[in-house]
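Text of input.csv (CSV, C-alpha atoms) as supplied:
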chain,number,residue,atom,x,y,z
A,1,ASN,CA,3.8,-4.5,3.7
A,2,ALA,CA,5.4,-2.2,1.2
A,3,GLY,CA,5.5,-3.3,-2.4
A,4,VAL,CA,8.7,-3.7,-4.4
A,5,MET,CA,10.7,-0.5,-4.1
A,6,GLN,CA,12.9,0.7,-6.8
A,7,ASN,CA,15.1,3.8,-6.7
A,8,PRO,CA,15.8,6.1,-8.1
A,9,ARG,CA,12.7,6.5,-10.3
A,10,HIS,CA,14.6,8.5,-12.8
A,11,LEU,CA,18.3,8.5,-13.4
A,12,VAL,CA,20.3,10.6,-15.8
A,13,ARG,CA,23.9,9.7,-16.6
A,14,ARG,CA,26.4,11.0,-19.1
A,15,ARG,CA,28.0,8.5,-21.5
A,16,GLY,CA,30.8,6.7,-19.7
A,17,GLN,CA,29.5,7.1,-16.2
A,18,GLU,CA,28.2,4.3,-14.0
A,19,ALA,CA,24.5,3.7,-13.2
A,20,ARG,CA,23.4,1.8,-10.1
A,21,LEU,CA,19.8,0.8,-9.8
A,22,ARG,CA,18.4,-0.5,-6.6
A,23,CYS,CA,15.5,-2.9,-5.8
A,24,SER,CA,14.1,-3.8,-2.5
A,25,PRO,CA,11.9,-6.8,-2.7
A,26,MET,CA,8.7,-7.3,-0.9
A,27,LYS,CA,9.0,-8.6,2.6
A,28,GLY,CA,9.4,-12.3,2.7
A,29,HIS,CA,10.4,-12.6,-1.0
A,30,SER,CA,13.7,-14.1,-1.8
A,31,HIS,CA,13.5,-14.1,-5.6
A,32,VAL,CA,14.4,-11.1,-7.6
A,33,TYR,CA,14.2,-10.6,-11.3
A,34,TRP,CA,15.4,-7.7,-13.5
A,35,TYR,CA,13.9,-6.7,-16.8
A,36,ARG,CA,14.7,-4.1,-19.3
A,37,GLN,CA,12.1,-2.3,-21.4
A,38,LEU,CA,13.2,-0.4,-24.4
A,39,PRO,CA,10.9,2.3,-25.9
A,40,GLU,CA,7.9,0.8,-27.6
A,41,GLU,CA,9.0,-2.7,-26.7
A,42,GLY,CA,8.0,-5.4,-24.1
A,43,LEU,CA,9.9,-6.4,-21.1
A,44,LYS,CA,13.1,-8.5,-21.7
A,45,PHE,CA,14.4,-10.7,-19.0
A,46,MET,CA,17.9,-9.9,-17.8
A,47,VAL,CA,18.7,-11.8,-14.6
A,48,TYR,CA,17.2,-13.9,-11.8
A,49,LEU,CA,18.7,-13.8,-8.4
A,50,GLN,CA,18.1,-15.4,-5.1
A,51,LYS,CA,19.8,-14.2,-1.9
A,52,GLU,CA,23.6,-14.1,-2.7
A,53,ASN,CA,23.2,-16.2,-5.8
A,54,ILE,CA,22.7,-15.5,-9.5
A,55,ILE,CA,20.4,-18.2,-10.7
A,56,ASP,CA,20.0,-17.2,-14.4
A,57,GLU,CA,21.7,-14.4,-16.2
A,58,SER,CA,21.0,-15.5,-19.7
A,59,GLY,CA,19.5,-12.1,-20.6
A,60,MET,CA,22.4,-10.0,-19.3
A,61,PRO,CA,24.7,-8.3,-21.8
A,62,LYS,CA,28.1,-9.9,-21.6
A,63,GLU,CA,29.9,-6.7,-20.8
A,64,ARG,CA,29.3,-3.7,-18.5
A,65,PHE,CA,26.3,-5.2,-16.8
A,66,SER,CA,26.3,-6.9,-13.4
A,67,ALA,CA,23.8,-7.7,-10.7
A,68,GLU,CA,23.9,-8.7,-7.1
A,69,PHE,CA,21.4,-9.5,-4.3
A,70,PRO,CA,23.4,-9.5,-1.1
A,71,LYS,CA,22.3,-11.2,2.1
A,72,GLU,CA,21.4,-7.8,3.6
A,73,GLY,CA,20.2,-4.9,1.6
A,74,PRO,CA,18.6,-4.4,-1.8
A,75,SER,CA,19.4,-6.0,-5.1
A,76,ILE,CA,21.7,-3.8,-7.3
A,77,LEU,CA,21.8,-3.7,-11.1
A,78,ARG,CA,25.0,-2.0,-12.1
A,79,ILE,CA,25.8,-0.7,-15.5
A,80,GLN,CA,29.3,0.5,-16.1
A,81,GLN,CA,30.4,3.0,-18.8
A,82,VAL,CA,26.9,3.6,-19.9
A,83,VAL,CA,26.1,4.3,-23.6
A,84,ARG,CA,23.0,5.9,-25.2
A,85,GLY,CA,21.6,2.5,-26.0
A,86,ASP,CA,21.3,1.7,-22.3
A,87,SER,CA,18.6,4.3,-22.0
A,88,ALA,CA,15.5,2.3,-21.0
A,89,ALA,CA,13.2,1.5,-18.2
A,90,TYR,CA,14.5,-1.1,-15.9
A,91,PHE,CA,12.0,-3.1,-13.8
A,92,CYS,CA,12.6,-5.2,-10.8
A,93,ALA,CA,10.2,-7.9,-9.6
A,94,SER,CA,10.2,-10.1,-6.6
A,95,SER,CA,8.3,-13.3,-5.7
A,96,GLY,CA,8.2,-16.2,-3.4
A,97,LEU,CA,8.7,-19.7,-4.7
A,98,ASN,CA,6.4,-20.2,-7.7
A,99,THR,CA,4.1,-17.3,-6.8
A,100,GLU,CA,3.2,-14.3,-8.8
A,101,ALA,CA,5.8,-11.6,-9.3
A,102,PHE,CA,5.2,-8.2,-8.0
A,103,PHE,CA,6.8,-5.4,-9.9
A,104,GLY,CA,8.3,-2.1,-8.9
A,105,GLN,CA,7.6,1.1,-10.6
A,106,GLY,CA,10.8,1.0,-12.6
A,107,THR,CA,13.8,3.1,-13.0
A,108,ARG,CA,14.0,5.2,-16.1
A,109,LEU,CA,17.6,5.6,-17.2
A,110,THR,CA,18.5,8.3,-19.6
A,111,VAL,CA,22.0,8.5,-21.0
A,112,VAL,CA,22.9,11.9,-22.4
B,1,ALA,CA,10.8,-24.7,-22.1
B,2,GLN,CA,8.0,-22.3,-22.0
B,3,SER,CA,6.9,-19.4,-24.1
B,4,VAL,CA,4.0,-16.9,-24.2
B,5,THR,CA,2.7,-15.5,-27.4
B,6,GLN,CA,0.4,-12.5,-27.7
B,7,LEU,CA,-1.1,-12.7,-31.1
B,8,ASP,CA,-1.8,-9.0,-31.6
B,9,SER,CA,0.5,-6.1,-31.2
B,10,HIS,CA,-2.3,-3.6,-31.3
B,11,VAL,CA,-6.1,-3.9,-30.7
B,12,SER,CA,-8.4,-1.0,-31.4
B,13,VAL,CA,-12.0,-0.9,-30.0
B,14,SER,CA,-14.6,1.7,-29.5
B,15,GLU,CA,-15.6,2.8,-26.0
B,16,GLY,CA,-18.4,0.6,-24.7
B,17,THR,CA,-17.6,-2.4,-27.0
B,18,PRO,CA,-16.1,-5.7,-25.9
B,19,VAL,CA,-12.3,-6.2,-25.5
B,20,LEU,CA,-10.5,-9.4,-26.5
B,21,LEU,CA,-6.7,-9.6,-26.0
B,22,ARG,CA,-5.3,-13.0,-27.1
B,23,CYS,CA,-2.6,-15.0,-25.4
B,24,ASN,CA,-1.3,-18.5,-26.1
B,25,TYR,CA,1.2,-20.4,-24.1
B,26,SER,CA,3.5,-23.2,-24.6
B,27,SER,CA,4.8,-25.1,-21.7
B,28,SER,CA,6.0,-28.6,-20.7
B,29,TYR,CA,4.5,-28.0,-17.3
B,30,SER,CA,1.3,-26.8,-15.9
B,31,PRO,CA,1.6,-23.1,-16.0
B,32,SER,CA,0.6,-20.2,-13.9
B,33,LEU,CA,-0.6,-17.4,-16.1
B,34,PHE,CA,-1.0,-13.7,-15.4
B,35,TRP,CA,-2.1,-10.6,-17.1
B,36,TYR,CA,-0.5,-7.2,-16.3
B,37,VAL,CA,-1.4,-3.8,-17.4
B,38,GLN,CA,1.0,-0.9,-17.9
B,39,HIS,CA,-0.2,2.6,-18.4
B,40,PRO,CA,2.1,5.1,-20.2
B,41,ASN,CA,5.3,5.7,-18.3
B,42,LYS,CA,4.0,3.7,-15.4
B,43,GLY,CA,4.8,0.5,-13.7
B,44,LEU,CA,3.1,-2.9,-14.0
B,45,GLN,CA,-0.2,-3.7,-12.3
B,46,LEU,CA,-1.5,-7.2,-11.9
B,47,LEU,CA,-4.9,-7.6,-13.4
B,48,LEU,CA,-5.5,-11.3,-12.7
B,49,LYS,CA,-3.9,-14.6,-12.3
B,50,TYR,CA,-4.5,-18.3,-13.0
B,51,THR,CA,-2.9,-20.9,-10.8
B,52,SER,CA,-4.8,-24.1,-11.6
B,53,ALA,CA,-7.9,-23.4,-9.5
B,54,ALA,CA,-10.9,-22.2,-11.4
B,55,THR,CA,-10.4,-21.9,-15.2
B,56,LEU,CA,-12.4,-18.7,-15.4
B,57,VAL,CA,-10.5,-16.0,-13.5
B,58,LYS,CA,-12.0,-12.6,-12.6
B,59,GLY,CA,-9.7,-9.6,-12.1
B,60,ILE,CA,-9.9,-6.0,-11.4
B,61,ASN,CA,-11.9,-3.4,-13.4
B,62,ASP,CA,-14.2,-6.1,-14.9
B,63,PHE,CA,-11.5,-7.9,-16.7
B,64,GLU,CA,-11.5,-11.7,-16.8
B,65,ALA,CA,-9.6,-14.5,-18.6
B,66,GLU,CA,-10.3,-18.1,-19.2
B,67,PHE,CA,-7.7,-20.8,-19.2
B,68,LYS,CA,-8.4,-23.3,-21.9
B,69,LYS,CA,-6.0,-26.2,-21.8
B,70,SER,CA,-7.2,-27.7,-25.1
B,71,GLU,CA,-6.4,-24.5,-26.9
B,72,THR,CA,-3.4,-23.6,-24.7
B,73,SER,CA,-4.9,-20.1,-24.5
B,74,PHE,CA,-5.5,-17.5,-21.8
B,75,HIS,CA,-7.3,-14.7,-23.5
B,76,LEU,CA,-8.2,-11.5,-21.6
B,77,THR,CA,-11.7,-10.1,-22.1
B,78,LYS,CA,-13.8,-7.2,-20.8
B,79,PRO,CA,-17.5,-6.7,-21.8
B,80,SER,CA,-17.3,-2.9,-22.2
B,81,ALA,CA,-14.2,-0.9,-22.8
B,82,HIS,CA,-13.5,2.4,-21.1
B,83,MET,CA,-11.2,5.2,-22.3
B,84,SER,CA,-9.1,4.6,-19.2
B,85,ASP,CA,-8.4,1.0,-20.3
B,86,ALA,CA,-6.1,2.3,-23.1
B,87,ALA,CA,-2.7,0.9,-22.1
B,88,GLU,CA,-0.2,-1.9,-22.8
B,89,TYR,CA,-1.2,-5.4,-21.7
B,90,PHE,CA,1.2,-8.2,-21.0
B,91,CYS,CA,0.5,-11.9,-20.7
B,92,VAL,CA,3.0,-13.6,-18.4
B,93,GLY,CA,3.7,-17.2,-17.8
B,94,LEU,CA,5.3,-19.1,-15.0
B,95,ALA,CA,6.0,-22.8,-15.5
B,96,SER,CA,5.7,-24.8,-12.3
B,97,GLY,CA,8.3,-27.5,-12.2
B,98,GLY,CA,10.4,-25.6,-14.7
B,99,SER,CA,12.0,-22.3,-14.7
B,100,TYR,CA,10.5,-19.9,-12.2
B,101,ILE,CA,11.3,-16.9,-14.3
B,102,PRO,CA,8.2,-14.9,-15.3
B,103,THR,CA,8.1,-15.0,-19.1
B,104,PHE,CA,6.5,-12.1,-20.9
B,105,GLY,CA,4.6,-11.9,-24.1
B,106,ARG,CA,5.6,-9.0,-26.4
B,107,GLY,CA,2.6,-7.0,-25.2
B,108,THR,CA,-0.6,-5.8,-26.8
B,109,SER,CA,-1.4,-2.1,-27.0
B,110,LEU,CA,-5.1,-1.5,-26.4
B,111,ILE,CA,-6.5,1.6,-28.2
B,112,VAL,CA,-9.9,2.9,-27.2
B,113,HIS,CA,-11.8,5.3,-29.4
B,114,PRO,CA,-14.5,7.6,-28.2
This entry written out as structure tokens:
Amino acid sequence: NAGVMQNPRHLVRRRGQEARLRCSPMKGHSHVYWYRQLPEEGLKFMVYLQKENIIDESGMPKERFSAEFPKEGPSILRIQQVVRGDSAAYFCASSGLNTEAFFGQGTRLTVV
Amino acid sequence: AQSVTQLDSHVSVSEGTPVLLRCNYSSSYSPSLFWYVQHPNKGLQLLLKYTSAATLVKGINDFEAEFKKSETSFHLTKPSAHMSDAAEYFCVGLASGGSYIPTFGRGTSLIVHP
């Protein structure tokens, strides 16, 4: 049973481009969470999804950010028109209902 | 509502001495609590978890934590620090019956001196 898989591990984008971050949850997990970690800071919750549904997006910036978790395939965190301030590590976690979350290795986004 | 508070942003110890990283929680529900470790530029690794079974929880690498309901605490300890323990440690709460979103403390950076 593979762990939570995130790809790419490193992503470089120019300002104004789009970034697409992928997260494949552990087998059997239907809950996915996205977190952002800015340099020297902790993990800030962004969005919580179950299959085909956004449950809580209270941590998502109002513009340019979106997330989905389709019935088939990985969860996607999409950042449109990236700016330098979007440079961060983005972590995905998955869980069953009320069980511990397992984290991926993260995607480190650098905007140049 | 629930929150997790890590009381120290940095803890500095000498190699071979005990480690204490403090965490308090606030929750309207019985929580599940976890400690994760993050080494520089790495992902998160689960150290241990409390899920309402034994209040003293043993984890990997000789770490342990004790859930104290009267103090609403879940402090992480280790009897003897190693250089390889230098990392960022996160206390995470999950409130059963409430939001299922893992809630992170701000993190404690453990520094180990030779």
Kindly provide the residues of chain B that approach chain A to within 12 Å, each paired with its closest atom pair and their distance in Å to one decimal, based on only C-alpha atoms, listed by chain and increasing number, as JSON lines.
{"residue": "B:Thr5", "atom": "CA", "partner": "A:Gly42", "partner_atom": "CA", "distance": 11.9}
{"residue": "B:Gln6", "atom": "CA", "partner": "A:Gly42", "partner_atom": "CA", "distance": 11.0}
{"residue": "B:Ser9", "atom": "CA", "partner": "A:Glu41", "partner_atom": "CA", "distance": 10.2}
{"residue": "B:His10", "atom": "CA", "partner": "A:Glu40", "partner_atom": "CA", "distance": 11.7}
{"residue": "B:Ser30", "atom": "CA", "partner": "A:Asn98", "partner_atom": "CA", "distance": 11.7}
{"residue": "B:Pro31", "atom": "CA", "partner": "A:Asn98", "partner_atom": "CA", "distance": 10.0}
{"residue": "B:Ser32", "atom": "CA", "partner": "A:Glu100", "partner_atom": "CA", "distance": 8.2}
{"residue": "B:Leu33", "atom": "CA", "partner": "A:Glu100", "partner_atom": "CA", "distance": 8.8}
{"residue": "B:Phe34", "atom": "CA", "partner": "A:Glu100", "partner_atom": "CA", "distance": 7.8}
{"residue": "B:Trp35", "atom": "CA", "partner": "A:Glu100", "partner_atom": "CA", "distance": 10.5}
{"residue": "B:Tyr36", "atom": "CA", "partner": "A:Phe103", "partner_atom": "CA", "distance": 9.9}
{"residue": "B:Val37", "atom": "CA", "partner": "A:Phe103", "partner_atom": "CA", "distance": 11.2}
{"residue": "B:Gln38", "atom": "CA", "partner": "A:Gln105", "partner_atom": "CA", "distance": 10.0}
{"residue": "B:His39", "atom": "CA", "partner": "A:Gln105", "partner_atom": "CA", "distance": 11.1}
{"residue": "B:Pro40", "atom": "CA", "partner": "A:Glu40", "partner_atom": "CA", "distance": 10.3}
{"residue": "B:Asn41", "atom": "CA", "partner": "A:Ala89", "partner_atom": "CA", "distance": 8.9}
{"residue": "B:Lys42", "atom": "CA", "partner": "A:Gln105", "partner_atom": "CA", "distance": 6.5}
{"residue": "B:Gly43", "atom": "CA", "partner": "A:Gln105", "partner_atom": "CA", "distance": 4.2}
{"residue": "B:Leu44", "atom": "CA", "partner": "A:Phe103", "partner_atom": "CA", "distance": 6.1}
{"residue": "B:Gln45", "atom": "CA", "partner": "A:Phe103", "partner_atom": "CA", "distance": 7.6}
{"residue": "B:Leu46", "atom": "CA", "partner": "A:Phe102", "partner_atom": "CA", "distance": 7.8}
{"residue": "B:Leu47", "atom": "CA", "partner": "A:Phe102", "partner_atom": "CA", "distance": 11.5}
{"residue": "B:Leu48", "atom": "CA", "partner": "A:Glu100", "partner_atom": "CA", "distance": 10.0}
{"residue": "B:Lys49", "atom": "CA", "partner": "A:Glu100", "partner_atom": "CA", "distance": 7.9}
{"residue": "B:Tyr50", "atom": "CA", "partner": "A:Glu100", "partner_atom": "CA", "distance": 9.6}
{"residue": "B:Thr51", "atom": "CA", "partner": "A:Thr99", "partner_atom": "CA", "distance": 8.8}
{"residue": "B:Ala87", "atom": "CA", "partner": "A:Glu40", "partner_atom": "CA", "distance": 11.9}
{"residue": "B:Glu88", "atom": "CA", "partner": "A:Gly42", "partner_atom": "CA", "distance": 9.0}
{"residue": "B:Tyr89", "atom": "CA", "partner": "A:Gly42", "partner_atom": "CA", "distance": 9.5}
{"residue": "B:Phe90", "atom": "CA", "partner": "A:Gly42", "partner_atom": "CA", "distance": 8.0}
{"residue": "B:Cys91", "atom": "CA", "partner": "A:Gly42", "partner_atom": "CA", "distance": 10.5}
{"residue": "B:Val92", "atom": "CA", "partner": "A:Glu100", "partner_atom": "CA", "distance": 9.6}
{"residue": "B:Gly93", "atom": "CA", "partner": "A:Glu100", "partner_atom": "CA", "distance": 9.5}
{"residue": "B:Leu94", "atom": "CA", "partner": "A:Asn98", "partner_atom": "CA", "distance": 7.5}
{"residue": "B:Ala95", "atom": "CA", "partner": "A:Asn98", "partner_atom": "CA", "distance": 8.2}
{"residue": "B:Ser96", "atom": "CA", "partner": "A:Asn98", "partner_atom": "CA", "distance": 6.5}
{"residue": "B:Gly97", "atom": "CA", "partner": "A:Asn98", "partner_atom": "CA", "distance": 8.8}
{"residue": "B:Gly98", "atom": "CA", "partner": "A:Asn98", "partner_atom": "CA", "distance": 9.7}
{"residue": "B:Ser99", "atom": "CA", "partner": "A:Asn98", "partner_atom": "CA", "distance": 9.2}
{"residue": "B:Tyr100", "atom": "CA", "partner": "A:Asn98", "partner_atom": "CA", "distance": 6.1}
{"residue": "B:Ile101", "atom": "CA", "partner": "A:Tyr48", "partner_atom": "CA", "distance": 7.1}
{"residue": "B:Pro102", "atom": "CA", "partner": "A:Ala101", "partner_atom": "CA", "distance": 7.3}
{"residue": "B:Thr103", "atom": "CA", "partner": "A:Phe45", "partner_atom": "CA", "distance": 7.6}
{"residue": "B:Phe104", "atom": "CA", "partner": "A:Leu43", "partner_atom": "CA", "distance": 6.6}
{"residue": "B:Gly105", "atom": "CA", "partner": "A:Gly42", "partner_atom": "CA", "distance": 7.3}
{"residue": "B:Arg106", "atom": "CA", "partner": "A:Gly42", "partner_atom": "CA", "distance": 4.9}
{"residue": "B:Gly107", "atom": "CA", "partner": "A:Gly42", "partner_atom": "CA", "distance": 5.7}
{"residue": "B:Thr108", "atom": "CA", "partner": "A:Gly42", "partner_atom": "CA", "distance": 9.0}
{"residue": "B:Ser109", "atom": "CA", "partner": "A:Glu40", "partner_atom": "CA", "distance": 9.8}
Non-local contacts of A:Val82 (12 Å; all atoms listed in the file; under 6 positions in same chain excluded) as a PyMOL selection string:
chain A and resi 11-20+63-65+88+109-112
Atom CA of B:Leu7 and atom CA of B:Thr72 are how many Å apart?
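For atom CA of B:Leu7 relative to atom CA of B:Thr72, the distance reads 12.8 Å.
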Choose the residue, out of B:Ser14, B:Ser3, B:Thr55, B:Asn24, that has the smallest atom-to-atom separation from B:Val112; count only C-alpha atoms.
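Using only C-alpha atoms, B:Val112 sits closest to B:Ser14.
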One decimal, in Å: what's the spacing between atom CA of A:Met60 and atom CA of B:Asp8?
27.2 Å
One decimal, in Å: what's the spacing between atom CA of B:Pro79 and atom CA of B:Phe67?
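Straight-line distance from atom CA of B:Pro79 to atom CA of B:Phe67 works out to 17.4 Å.
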Nearest to B:Asp85, chosen from B:Leu21, B:Val13, B:Val4, B:Leu110, with only C-alpha atoms counted in the distances:
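Closest candidate: B:Leu110.
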Skip B:Glu66 itself and residues of its chain fewer than 5 positions away, then list as a ChimeraX atom specification all residues within 10 Å of it, counting all atoms listed in the file.
/B:50,54-58,73-77
